[in-house]
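K.L.:
The structure is given below, and queries will be raised subsequently.
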Amino acid sequence: MFETLILILDATLRVSTPLILAALAGLFSERSGIVDIGLEGKMLAGAFAAAAAAAVFGSAWLGLLFAIAASVFLALIHGFACITHRGDHIVSGVAINTIVAGLTVTLGLDWFNQGGQTPALTGDARFTPIIFPFAEQLADVPVIGLIYSELLSGHNILVYLAFAMVPTTYWVVFKTRFGLRLRAVGENPHAVDTAGISVALVRYRALIICGVLCGIAGAYLSTAHNAGFLKDMSAGKGYMALAALIFGKWRPVPVLFACLLFGFLDAVAVRLQGVSLPGIGEVPVQAIEVLPYVLTVLLLAGFIGKAVGPKAIGKPYVKERA
Amino acid sequence: MSQAKVPVWVSVGLIPLLNILLAFFVSGLVFVAIGQDPFEAAGYLLYGAFGYDEGIGYTLYYATNLIFTGLAVSIAFKAGLFNIGGEGQAYIGGLGVGLLCLWLDSSMPLIIIAPLAIIGGAVFGAAWAYIPAYLQARRGSHIVITTIMFNFIASSLMVYLMVNWLKEEGMMSPISRTFQESAWLPYLHDIFTPLGLDIGDSPLNLAFILALLGCVIYWALVWHTRWGYQLRTVGTNPTAARYAGIDNAKVTIWVMLISGAFAGLVGVNEIMGVNHNLLLNFTAGYGFAGIAVALMGRNHPIGIILAAILFGALYQGGAELAFEIPSITPEIVVVIQGLVILFSGALENMFKGRIEGYFLRKAAA
Amino acid sequence: MSNQTPPYAIELEGISKRFGAVQANKDISLQVPTGTIHGIIGENGAGKSTLMSIIYGFYEADTGSISIDGEKVDIRNSQDAIKVGIGMVHQHFMLVENFSVLENIVLGAEGGAVLKHGLDAAREELKRLESEYHLDVDVDAIVEDLPVGLQQRVEILKALYRGAKILILDEPTGVLTPQEADHLFRILKSLKEQGVTVILITHKLREILASTDNVSVMRQGEMVAHRETATTDKEELAELMVGKKVRLKVNKDDATPQQTVLSAKDLSLFDEQGVERLKKVSLELKAGEILGIAGVSGNGQSELLNVLSGIATMSSGSIEFAGQTITPNAPKDAAQMRELKMAHVPEDRHKMGLVTGFEAYEAAVLGYHNSEAYNGRWLMSRKAMFKECEQRMADWDVRPPNPLLKTANFSGGNQQKIVIAREVEQNPDVLLIGQPTRGVDIGAIENIHEQIVKLRDAGKAILLVSVELDEIMALSDRIIVMFDGAVVGEVPASEADERTLGLMMANAWNEGQGANP
Amino acid sequence: ADIKPAVVYDQAGKFDKSFNEGVYNGITKYTEDTGIQVRESEPKNEAQVEQNLRRLAKRGYTPIVAVGFNMASAVSKVAQDFPEIQFSIIDGVIDQPNVQSIVFKEHEGSFLVGALAAMASKTDTVGFVGGMDIPLIRKFGCGYEQGAKYITSDATVIQNMTGSTGAAFNDPTKGSELAKSQFSQGADVVFAAAGGTGIGVYQAAKDEGKLAIGVDSNQNHIQPGTMLTSMVKRVDLAAYKVFADANAGEWTSGLTVLGLAEGGVDWALDDNNASLITEEMKTKIADVKQHIISGDIQVHDYMSDNTCNY
Ligand SMILES: Nc1ncnc2c1ncn2[C@@H]1O[C@H](COP(=O)(O)OP(=O)(O)OP(=O)(O)O)[C@@H](O)[C@H]1O
Ligand SMILES: Nc1ncnc2c1ncn2[C@@H]1O[C@H](COP(=O)(O)OP(=O)(O)OP(=O)(O)O)[C@@H](O)[C@H]1O
Ligand SMILES: [Mg+2]
Ligand SMILES: [Mg+2]
């Protein structure tokens with residue numbers, strides 16, 4: 001039983017990693033007042049770029065770099081539309097998601113001729129597990145051994161990075177000058193502007209960070225969790241990350257827990273499948289599959305109530321009406 | 001204070017045209033990047049979408065779905081609500097249509113089934129929108145999130161129902177039995193051919209007329225009824241709405257019901273008009289495309305029709321393109337769509353400021 | 001003037017600015033001597049705020065130049081303005097509401113990438129500033145919890161913290177009690193003594209006369225006159241502003257109150273956070289009288305209006321009106337109250353009274369949109385709405401008289417006319433009217449005040465809420481003062497004077513009596 | 001004159017690393033062998049399936065191969081309108097005079113790999129990861145379970161489906177999680193009948209040093225060394241044969257069932273998995289195969305009664 005729990009938690013960490021990265025990405029963007037439903041697209045682009053570069057150069061790290069570059073590029077497009085040209089944030093996000101969904105497959109087909117997939121990655125082209133010192137030796141120590149060797153040890157570096165990003169994000173957002181300006185610009189851009197700070201610049205920076213994090217999330221999908229790119233492999237994770245962000249009320253630590261919850265439900269669902277319950281028989285797959293979504297709705301309705309985001313979110317900052 | 005105005009042809013003609021041209025230009029670059037001739041491709045695209053009767057029929061058939069979802073997104077938007085759940089509502093609406101057809105097709109004539117199925121689709125779609133609407137209105141749950149969740153839930157529900165209850169015996173894929181012809185919405189070509197008009201053999205059916213009717217209803221409802229007045233008030237200024245004695249929560253719920261109903265009518269086109277059986281994934285992203293259609297159509301029925309036709313043309317022209325040049329993956333059409341959304345939607349202001357400024361100065365001078 | 005160049009703190013030459021088709025500033029020149037307080041007045045939309053925003057680098061002028069201390073400077077953004085020593089307190093505060101005072105003050109001047117050091121240093125510096133200028137405020141308080149007067153101090157501190165030598169204040173007293181305003185002017189005076197130059201924008205001629213050294217007048221984007229304050233008077237300034245003679249006093253006879261039409265008993269209201277916003281408020285309103293409610297904004301007046309008009313339901317208490325008893329269990333919404341012939345001109349026309357995206361004829365039926373007059377069987381009658389709107393625009397002199405113009409595009413005064421006309425023309429028994437002249441210029445104020453008195457004389461019951469003591473005293477027959485959600489006193493208009501009311505508004509009546517403020 | 005053949009792929013596209021790709025391989029080979037070009041088409045939605053079929057028929061392409069059960073209703077409609085055109089549908093059954101229906105006995109092939117899995121398993125626990133939860137995929141699972149139990153009667157067979165929409169065939173992440181879950185429950189051989197999702201399963205097996213079994217085409221090369229085998233379903237042969245028959249004038253309508261006997265399904269042995277397959281296993285499997293062909297072993301077809309009671 002305990003072992004099962006550890007294994008489920010272990011899977012939870014793996015599954016929630018991209019959610020955490022993407023949700024923190026969204027946090028930076030939305031704290032600055034830019035709605036980002038393009039998390040999905042950026043992640044997918046990152047996944048593709050990472051896998052493509054890793055396949056060509058044989059290095060996961062180069063892949064990561066390309067993923068970040070691709071994702072940041074898209075973030076800048078989003079910024080160009082929403083900040084510079086005051087376009088609608090959601091439309092821009094939808095556009096980016098759509099373009100990426102098509103472009104990854106189109107380019108993939110043209111470059112690799114495998115139906116839009118990238119070649120399977122092996123060796124250095126993937127991020128491999130990091131085994132903590134003495135993990136093997138300690139494995140048999142009751143309780144702690146299992147926690148140490150199974151749960152904590154043996155993930156790839158991006159998993160640790162994702163978790164490290166949570167306190168980092170907290171620190172940046174609440175303890176630094178940039179964070180102060182970031183929060184201010186999402187609440188009242190006029191105040192920021194009159195304080196002599198460029199609203200656009202702060203927002204662009206936030207979007208670049210958002211792009212970097214989404215890129216890492218994407219790279220995780222294709223070069224760490226999996227070994228190659230597949231059409232639509234982000235599979236709605238961007239939207240779930242957004243849900244987690246709102247769920248966590250735009251604060252890093254609660255957002256982390258929201259992501260872990262979603263990851264946990266996913267991990268449990270995987271293990272609940274095909275389990276026959278006495279009397280009821282086998283639970284329909286669909287019922288289990290739908291659980292995280294239903295739970296999200298229930299929690300939103302019941303517990304966290306009204307989620308109030310940054311005040312200026314989604315509103316273009318207009319200084320002069322032409 | 002004089003109110004200089006930008007000429008109408010500039011704001012509804014020139015600027016959107018420039019945006020779309022730019023989108024096509026960038027699409028052209030993508031074609032070049034993958035080693036295809038963009039002009040040849042554009043030729044196929046245009047020909048496919050508008051070059052022959054059947055192609056036009058397909059374009060309008062896709063447009064039908066997009067008009068429904070565009071209206072759905074738009075009317076919610078008028079009340080300040082972002083309904084991203086058009087996809088799920090359309091899905092469940094189709095379920096409603098399908099169930100009615102399966103139930104009645106052997107016992108009733110079309111003249112009775114058709115209106116019932118239309119109502120069924122609308123009611124099911126509305127019902128699916130009701131819960132997010134209720135949660136938004138009464139519990140303050142974020143409607144964008146709940147509607148996204150309901151898209152996922154709808155798709156699981158449909159699979160469950162199709163696989164366990166509605167699948168035709170012996171059928172490999174989860175797809176219901178085919179309805180009897182009494183539950184087929186007539187194709188427009190079947191209506192026109194006897195009149196001596198050959199409009200080509202396409203899935204375009206009476207649902208298209210229903211979609212146009214929907215636009216008229218939308219127009220009258222939103223701009224010419226008290227109900228629309230309340231809806232627009234809530235959408236632009238909820239505080240003023242309360243001041244005026246308008247129940248925001250009630251309006252929120254009602255408008256989402258109507259929004260869901262519009263989305264649900266996609267089912268009439270797809271299930272009753274084209275497939276003639278209940279199946280999975282017939283919504284194929286129309287709900288999401290509806291967002292772009294609504295915004296590009298500037299939340300006006302005429303605009304929505306035009307935007308829907310543009311997107312319909314892309315779907316159909318894209319299919320033609322992929323068919324004629326098999327080495328082009330059909331996904332490239334998705335790229336073009338995305339670029340159109342980007343340039344005509346998100347970047348609509350890129351030229352606007354400069355061009356309108358030019359005309360304003362000219363008018364003021 | 002004389003031959004020697006006076007030491008101007010700031011000098012503008014030929015500033016022009018247009019927004020689209022609106023020429024907001026036209027070839028404006030202005031000279032402000034160092035260490036003076038310089039007033040700027042002008043009607044709504046005259047371009048005052050725009051001009052100040054240009055000085056502060058918020059907007060870039062299309063043409064023209066700015067000199068500071070005799071040197072031409074290039075101000076492209078607020079950063080530049082701050083650098084040359086300009087600080088500004090905006091008409092709408094530029095504060096991040098959920099930040100602490102300290103965070104707001106250091107925003108943009110954090111002094112390092114990590115906040116802590118900057119915050120600590122700022123805390124020290126603020127202590128000094130506060131004691132030097134009597135600008136006490138709790139630096140750890142969250143801004144949205146502070147009363148407006150304090151929020152304004154935060155704005156001033158913000159400017160001073162950045163070393164402002166020129167301080168611009170755009171309509172700073174609109175939201176203050178007379179005492180708070182006095183305090184502000186004392187602060188400005190001590191700033192002046194320290195050599196700070198102050199530019200003050202206000203609609204209140206009294207303040208101009210009391211505290212400025214020079215005054216400039218703007219009209220329709222142009223600078224039309226400069227005066228030394230000592231050489232001018234209210235009448236002249238008013239005429240310069242409006243371009244015609246203005247009567248500054250309300251003509252009104254004594255009231256002849258009749259039967260009670262509305263009586264409220266023990267009204268209490270708790271908000272969503274459970275804070276008690278209204279505390280057992282009771283009042284009676286008679287036909288043919290104007291009952292004024294004085295108080296600093298945020299002391300329950302808005303809530304009172306909301307409860308009386310049906311926008312909010314009281315938590316306890318009851319209202320007797322039109323033969324009905326309204327209680328928490330038998331509430332009536334705003335629409336039902338209108339049917340009982342209660343009209344309501346809300347305090348904030350942008351937030352409540354209008355839908356700025358609507359065209360004038362649509363906005364003109366807000367709240368009465370269900371009325372038979374505007375509706376056919378299925379559809380609303382555009383024709384009926386249109387005709388009535390045209391008629392009212394003519395009657396109320398709304399400019400431009402175009403029912404198809406978007407409400408947002410009318411000037412403040414004309415928007416207010418649209419709202420007041422809408423409510424008054426329904427021939428109500430009771431009129432609730434909040435801040436009828438907030439931000440409205442002198443010319444329009446006169447008109448609105450006349451209309452209110454006319455209604456009273458027609459036997460209507462009028463409840464007037466205003467933070468302008470002048471207005472309350474000029475119009476009311478009876479005055480109630482509210483503080484912290486409760487009624488703290490009632491005075492007949494004849495006995496009311498500014499000082500007494502001001503002290504009651506600060507709930508310092510008892511302590512403050514006799515003491516020198 | 002040569003035939004003018006065409007093929008319409010399923011919405012998964014011709015490079016799905018599995019089923020469609022098999023057909024594609026068959027076609028490529030046919031073109032190489034004969035020089036006859038095959039017109040390909042990849043519709044992206046339901047409406048396009050019918051549109052493309054109709055268009056190909058209009059332009060006189062025949063025979064037209066439709067890939068996948070999803071196309072059944074479209075083929076049936078179009079075939080009615082173009083009686084002179086020959087249609088072949090793979091994995092679907094349509095009873096029309098100008099339609100050839102080709103189906104496979106996936107359960108037989110699955111039985112074989114199930115048996116192999118049980119033989120290779122040290123824990124007597126084997127896993128099955130299906131793609132979308134539909135009867136066709138359950139058919140794989142059921143055959144696999146029988147095969148495993150045939151070898152080890154008390155073997156545990158853990159079965160999971162990836163999901164319930166088409167996306168379940170394209171979710172390697174979930175595939176990998178499902179596989180890891182099965183490994184943690186003791187499975188050491190996992191059979192994936194899940195299209196692109198399988199990639200994740202094979203990867204997980206590789207990462208954890210367990211064994212995986214491929215599906216449809218020979219997927220042993222994807223993770224050499226940890227792919228125990230693949231359950232091949234020779235859609236390539238089927239497609240090839242359709243064209244070859246048509247060219248020779250021997251194309252016939254009606255039902256074609258391809259099982260072990262016909263070489264339509266089988267298990268794959270090549271350099272990539274040779275080291276994993278012992279002589280003993282080879283003999284045993286050959287024996288089992290013989291028994292199935294001869295009918296001594298009756299493999300239950302899930303789709304015959306929608307249950308897995310054997
Ligand atoms: N950002 C802007 N975009 C477009 N027009 C503007 C903008 N700001 C001001 N205007 C217009 O410029 C003119 C001058 O406005 P401004 O705010 O400077 O007037 P004001 O004198 O401050 O009036 P008030 O007394 O009402 O504050 C008005 O017609 C106004 O509508
Ligand atoms: N203590 C201060 N007082 C006034 N202005 C300051 C102060 N510190 C910084 N600034 C101004 O704020 C602006 C931004 O500062 P700076 O360039 O150091 O930060 P940044 O690198 O843009 O921000 P960050 O490193 O936090 O992302 C600069 O133009 C600088 O003049
Ligand atoms: Mg102003
Ligand atoms: Mg720096």
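Letters A, B, ... mark the chains of the structure tokens in the order given; residue numbers begin at 1 per chain; ligand numbers begin at 1, in order shown.
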As a ChimeraX atom specification, please: every protein or nucleic acid residue near ligand 1 (cut-off 9 Å, counting only C-alpha atoms and all ligand atoms).
P.N.:
/A:318-322 /B:1 /C:17-25,41-53,59,91,170-171,201-203,218-221,408-413,439-441
K.L.:
Considering only helix (DSSP H, G or I) as DSSP defines it on the backbone, what residues of stretch 269-517 of chain C qualify? List them as a PyMOL selection string.
P.N.:
chain C and resi 301-309+334-339+349-353+360-363+372-374+382-395+407-409+412-424+442-457+469-475+493-495+498-505+509-512
K.L.:
May I have the residues from that selection written out with C-alpha atoms, as a tab-separated table (two decimals), in the first residue's frame?
P.N.:
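Okay, result-v3.tsv is ready:
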```
chain	number	residue	atom	x	y	z
C	301	GLN	CA	-23.71	57.76	1.53
C	302	SER	CA	-23.32	55.53	-1.51
C	303	GLU	CA	-24.65	52.58	0.43
C	304	LEU	CA	-27.59	54.63	1.64
C	305	LEU	CA	-28.45	55.63	-1.91
C	306	ASN	CA	-28.08	52.04	-3.02
C	307	VAL	CA	-30.40	50.75	-0.33
C	308	LEU	CA	-33.00	53.44	-0.86
C	309	SER	CA	-33.00	52.97	-4.62
C	334	ALA	CA	-34.21	49.00	-8.59
C	335	ALA	CA	-36.74	48.36	-11.32
C	336	GLN	CA	-39.57	47.94	-8.84
C	337	MET	CA	-38.57	51.09	-6.99
C	338	ARG	CA	-38.74	52.98	-10.25
C	339	GLU	CA	-42.24	51.70	-10.79
C	349	ARG	CA	-22.42	58.56	-13.90
C	350	HIS	CA	-19.70	56.54	-15.62
C	351	LYS	CA	-19.89	53.56	-13.36
C	352	MET	CA	-23.63	53.56	-12.87
C	353	GLY	CA	-25.67	56.16	-14.61
C	360	ALA	CA	-27.50	58.66	-26.32
C	361	TYR	CA	-31.04	57.56	-27.10
C	362	GLU	CA	-30.39	54.15	-25.60
C	363	ALA	CA	-28.72	55.52	-22.52
C	372	GLU	CA	-44.51	50.46	-22.31
C	373	ALA	CA	-43.62	53.77	-23.84
C	374	TYR	CA	-40.53	52.31	-25.44
C	382	ARG	CA	-36.51	52.79	-31.65
C	383	LYS	CA	-38.72	55.51	-32.94
C	384	ALA	CA	-40.28	56.23	-29.58
C	385	MET	CA	-36.92	56.27	-27.80
C	386	PHE	CA	-35.45	58.48	-30.45
C	387	LYS	CA	-38.23	61.01	-30.44
C	388	GLU	CA	-38.21	61.36	-26.72
C	389	CYS	CA	-34.46	61.70	-26.60
C	390	GLU	CA	-34.52	64.47	-29.17
C	391	GLN	CA	-37.18	66.28	-27.21
C	392	ARG	CA	-35.24	66.07	-23.96
C	393	MET	CA	-32.02	67.15	-25.55
C	394	ALA	CA	-33.80	70.24	-26.74
C	395	ASP	CA	-35.42	70.87	-23.35
C	407	THR	CA	-22.63	58.61	-24.62
C	408	ALA	CA	-18.90	58.47	-24.06
C	409	ASN	CA	-18.43	61.28	-26.53
C	412	GLY	CA	-19.12	65.41	-18.48
C	413	GLY	CA	-21.67	68.12	-17.99
C	414	ASN	CA	-23.75	67.00	-20.91
C	415	GLN	CA	-23.61	63.39	-19.78
C	416	GLN	CA	-24.88	64.53	-16.44
C	417	LYS	CA	-27.72	66.38	-18.14
C	418	ILE	CA	-28.69	63.23	-19.99
C	419	VAL	CA	-28.88	61.32	-16.73
C	420	ILE	CA	-30.71	63.99	-14.78
C	421	ALA	CA	-33.15	64.56	-17.62
C	422	ARG	CA	-33.88	60.86	-17.78
C	423	GLU	CA	-34.68	60.61	-14.12
C	424	VAL	CA	-36.52	63.87	-13.73
C	442	ILE	CA	-19.36	76.22	-13.43
C	443	GLY	CA	-21.64	76.89	-16.36
C	444	ALA	CA	-23.29	73.51	-16.11
C	445	ILE	CA	-23.51	73.59	-12.33
C	446	GLU	CA	-25.70	76.62	-12.45
C	447	ASN	CA	-28.13	74.94	-14.74
C	448	ILE	CA	-28.30	71.74	-12.71
C	449	HIS	CA	-28.86	73.56	-9.45
C	450	GLU	CA	-31.71	75.52	-10.96
C	451	GLN	CA	-33.39	72.34	-12.11
C	452	ILE	CA	-33.13	70.75	-8.69
C	453	VAL	CA	-34.73	73.73	-7.00
C	454	LYS	CA	-37.45	73.79	-9.64
C	455	LEU	CA	-38.29	70.20	-8.87
C	456	ARG	CA	-38.53	70.92	-5.18
C	457	ASP	CA	-40.84	73.77	-5.86
C	469	LEU	CA	-20.30	71.53	1.26
C	470	ASP	CA	-20.99	74.61	-0.83
C	471	GLU	CA	-23.50	72.68	-2.80
C	472	ILE	CA	-25.15	71.10	0.22
C	473	MET	CA	-25.48	74.45	1.90
C	474	ALA	CA	-26.70	76.22	-1.20
C	475	LEU	CA	-29.43	73.72	-2.01
C	493	ALA	CA	-29.92	74.72	6.52
C	494	SER	CA	-30.34	78.11	8.05
C	495	GLU	CA	-28.06	77.21	10.94
C	498	GLU	CA	-18.95	75.27	6.93
C	499	ARG	CA	-16.95	74.82	10.06
C	500	THR	CA	-19.64	73.07	12.04
C	501	LEU	CA	-20.49	70.76	9.20
C	502	GLY	CA	-16.85	70.06	8.53
C	503	LEU	CA	-16.25	69.07	12.10
C	504	MET	CA	-19.32	66.85	12.12
C	505	MET	CA	-18.12	65.22	8.93
C	509	TRP	CA	-17.90	67.87	16.58
C	510	ASN	CA	-17.85	67.18	20.26
C	511	GLU	CA	-14.12	67.14	20.76
C	512	GLY	CA	-13.54	69.82	18.21
```
K.L.:
Ligand 2: which residues are within 12 Å, counting only C-alpha atoms and all ligand atoms, as a ChimeraX atom specification?
P.N.:
/A:172-173,175-182,192-193,195-206,208-209 /C:77-85,105-115,117-119,121-122,158-164
K.L.:
Considering only C-alpha atoms, can you say which of D:Leu112, D:Ala204, D:Ala74, D:Val8 comes closest to chain A?
P.N.:
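Answer, going by the shortest atom-to-atom distance: D:Ala204.
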K.L.:
Near D:Pro97, counting only C-alpha atoms, which residues have an atom at most 8 Å away, once you skip same-chain residues fewer than 4 positions from it, shown as a PDB file with C-alpha atoms, in the first residue's frame?
P.N.:
```pdb
ATOM      1  CA  PRO D  83     -21.240   1.077 -58.965  1.00  0.00           C
ATOM      2  CA  SER D 253     -15.933  -7.977 -53.867  1.00  0.00           C
ATOM      3  CA  GLY D 254     -17.029  -9.590 -50.670  1.00  0.00           C
TER       4      GLY D 254
END
```
K.L.:
Determine, counting only C-alpha atoms, which protein, DNA and RNA residues have an atom within 8 Å of an atom of C:Ala506; residues of the same chain fewer than 4 positions away are not included. Present the result as a list in words.
P.N.:
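In the requested form, the answer reads Thr177, Val296, Phe483 and Gly502 of chain C.
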K.L.:
Store the residues of this selection in a file with N, CA, C and O atoms, as a short mmCIF file (atom, residue, chain, number, x, y, z; two decimals), in the first residue's frame.
P.N.:
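Contents of part08.cif, freshly written:
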```cif
data_model
loop_
_atom_site.label_atom_id
_atom_site.label_comp_id
_atom_site.auth_asym_id
_atom_site.auth_seq_id
_atom_site.Cartn_x
_atom_site.Cartn_y
_atom_site.Cartn_z
N THR C 177 -12.66 66.52 2.62
CA THR C 177 -13.49 67.35 3.50
C THR C 177 -12.85 68.73 3.55
O THR C 177 -11.67 68.89 3.20
N VAL C 296 -17.90 63.06 4.17
CA VAL C 296 -16.77 62.75 3.31
C VAL C 296 -17.12 61.49 2.54
O VAL C 296 -17.77 60.60 3.09
N PHE C 483 -21.26 59.87 9.10
CA PHE C 483 -19.87 59.52 9.36
C PHE C 483 -19.81 58.03 9.69
O PHE C 483 -20.58 57.54 10.50
N GLY C 502 -18.14 70.71 8.74
CA GLY C 502 -16.85 70.06 8.53
C GLY C 502 -16.44 69.25 9.74
O GLY C 502 -15.98 68.11 9.60
#
```
K.L.:
Would you kindly report the residues of chain D within 8 Å of chain A, using only C-alpha atoms, as a tab-separated table (two decimals) with N, CA and C atoms, in the first residue's frame?
P.N.:
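The result, written out as iface.tsv:
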```tsv
chain	number	residue	atom	x	y	z
D	13	GLY	N	-3.58	9.79	-40.46
D	13	GLY	CA	-2.54	10.14	-41.42
D	13	GLY	C	-1.64	8.97	-41.74
D	14	LYS	N	-0.94	9.09	-42.86
D	14	LYS	CA	-0.23	7.90	-43.35
D	14	LYS	C	1.03	7.60	-42.56
D	15	PHE	N	1.48	8.55	-41.72
D	15	PHE	CA	2.68	8.26	-40.95
D	15	PHE	C	2.36	8.03	-39.48
D	16	ASP	N	1.39	7.22	-39.22
D	16	ASP	CA	1.00	7.03	-37.83
D	16	ASP	C	1.88	6.01	-37.13
D	158	ILE	N	-2.74	-7.39	-16.87
D	158	ILE	CA	-3.26	-6.07	-16.53
D	158	ILE	C	-3.62	-5.35	-17.82
D	159	GLN	N	-4.85	-4.89	-17.90
D	159	GLN	CA	-5.26	-4.23	-19.14
D	159	GLN	C	-5.66	-2.79	-18.87
D	160	ASN	N	-5.12	-1.90	-19.65
D	160	ASN	CA	-5.51	-0.50	-19.55
D	160	ASN	C	-5.80	0.06	-20.93
D	161	MET	N	-6.76	0.97	-20.96
D	161	MET	CA	-7.01	1.72	-22.19
D	161	MET	C	-6.51	3.15	-21.97
D	163	GLY	N	-7.57	5.95	-23.41
D	163	GLY	CA	-8.60	6.98	-23.34
D	163	GLY	C	-9.78	6.62	-24.19
D	164	SER	N	-10.64	7.59	-24.43
D	164	SER	CA	-11.86	7.25	-25.12
D	164	SER	C	-12.11	8.10	-26.36
D	170	ASN	N	-2.74	8.75	-29.70
D	170	ASN	CA	-1.65	9.69	-29.96
D	170	ASN	C	-1.17	10.36	-28.68
D	171	ASP	N	-1.09	9.60	-27.61
D	171	ASP	CA	-0.75	10.18	-26.32
D	171	ASP	C	0.37	9.39	-25.65
D	172	PRO	N	1.59	9.54	-26.17
D	172	PRO	CA	2.70	8.74	-25.64
D	172	PRO	C	2.96	8.98	-24.16
D	173	THR	N	2.67	10.19	-23.71
D	173	THR	CA	2.88	10.50	-22.30
D	173	THR	C	2.04	9.58	-21.43
D	176	SER	N	3.24	6.08	-21.58
D	176	SER	CA	4.38	5.81	-20.72
D	176	SER	C	3.96	5.70	-19.26
D	177	GLU	N	3.04	6.56	-18.84
D	177	GLU	CA	2.56	6.47	-17.46
D	177	GLU	C	1.82	5.16	-17.20
D	178	LEU	N	1.01	4.77	-18.19
D	178	LEU	CA	0.28	3.51	-18.02
D	178	LEU	C	1.25	2.35	-17.92
D	181	SER	N	2.91	2.34	-14.61
D	181	SER	CA	1.98	1.85	-13.61
D	181	SER	C	1.91	0.33	-13.65
D	184	SER	N	4.95	-1.17	-12.20
D	184	SER	CA	4.96	-1.09	-10.74
D	184	SER	C	4.02	-2.13	-10.14
D	196	GLY	N	0.29	5.72	-31.89
D	196	GLY	CA	1.39	6.56	-31.45
D	196	GLY	C	1.61	6.51	-29.94
D	200	GLY	N	5.36	5.77	-26.34
D	200	GLY	CA	5.64	6.05	-24.93
D	200	GLY	C	5.79	4.77	-24.14
D	203	GLN	N	9.15	3.31	-24.87
D	203	GLN	CA	10.16	4.12	-24.22
D	203	GLN	C	10.24	3.78	-22.73
D	222	ILE	N	12.13	0.12	-33.08
D	222	ILE	CA	11.96	1.38	-32.34
D	222	ILE	C	12.80	1.41	-31.08
```
K.L.:
Using only C-alpha atoms, determine which residues lie at most 10 Å from C:Ser211, disregarding the query and same-chain residues fewer than 6 positions distant; provide the list as a list in words.
P.N.:
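Skipping anything fewer than 6 positions along the chain leaves Thr36, Ile37, His38, Gly39, Phe185, Arg186, Leu188, Lys189, Leu200 and Thr229 of chain C.
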K.L.:
Extract, using only C-alpha atoms, all DNA, RNA and protein residues at most 9 Å from C:Glu320, discarding same-chain residues fewer than 6 positions from it, and format them as an MDAnalysis selection string.
P.N.:
chainID C and resid 261:265 326
K.L.:
Produce a file of the selected residues containing N, CA and C atoms, as a compact mmCIF listing (two decimals), in the first residue's frame.
P.N.:
```txt
# COMPACT_ATOMS: atom_id res chain seq x y z
N VAL C 261 -43.00 61.41 2.45
CA VAL C 261 -43.23 60.44 1.37
C VAL C 261 -42.36 59.21 1.53
N LEU C 262 -41.26 59.37 2.23
CA LEU C 262 -40.39 58.22 2.40
C LEU C 262 -39.85 58.25 3.81
N SER C 263 -39.94 57.09 4.48
CA SER C 263 -39.29 57.08 5.77
C SER C 263 -38.52 55.79 5.95
N ALA C 264 -37.28 55.95 6.33
CA ALA C 264 -36.41 54.80 6.50
C ALA C 264 -36.14 54.61 7.98
N LYS C 265 -36.16 53.36 8.41
CA LYS C 265 -35.97 53.09 9.83
C LYS C 265 -34.83 52.10 10.04
N ILE C 326 -40.74 48.05 2.78
CA ILE C 326 -39.65 47.27 2.20
C ILE C 326 -38.74 46.80 3.32
```
K.L.:
Near B:Cys101, within 7 Å and counting only C-alpha atoms, which residues show up once chain neighbours fewer than 6 positions away are dropped, as a list in words?
P.N.:
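Residues near the query, excluding close chain neighbours: Ile113, Ala117, Phe179 and Ala183 of chain B.
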K.L.:
Go through B:Gln316, B:Thr64, B:Asn248, B:Thr233 and flag the residue nearest chain D, using only C-alpha atoms for the distances.
P.N.:
B:Gln316
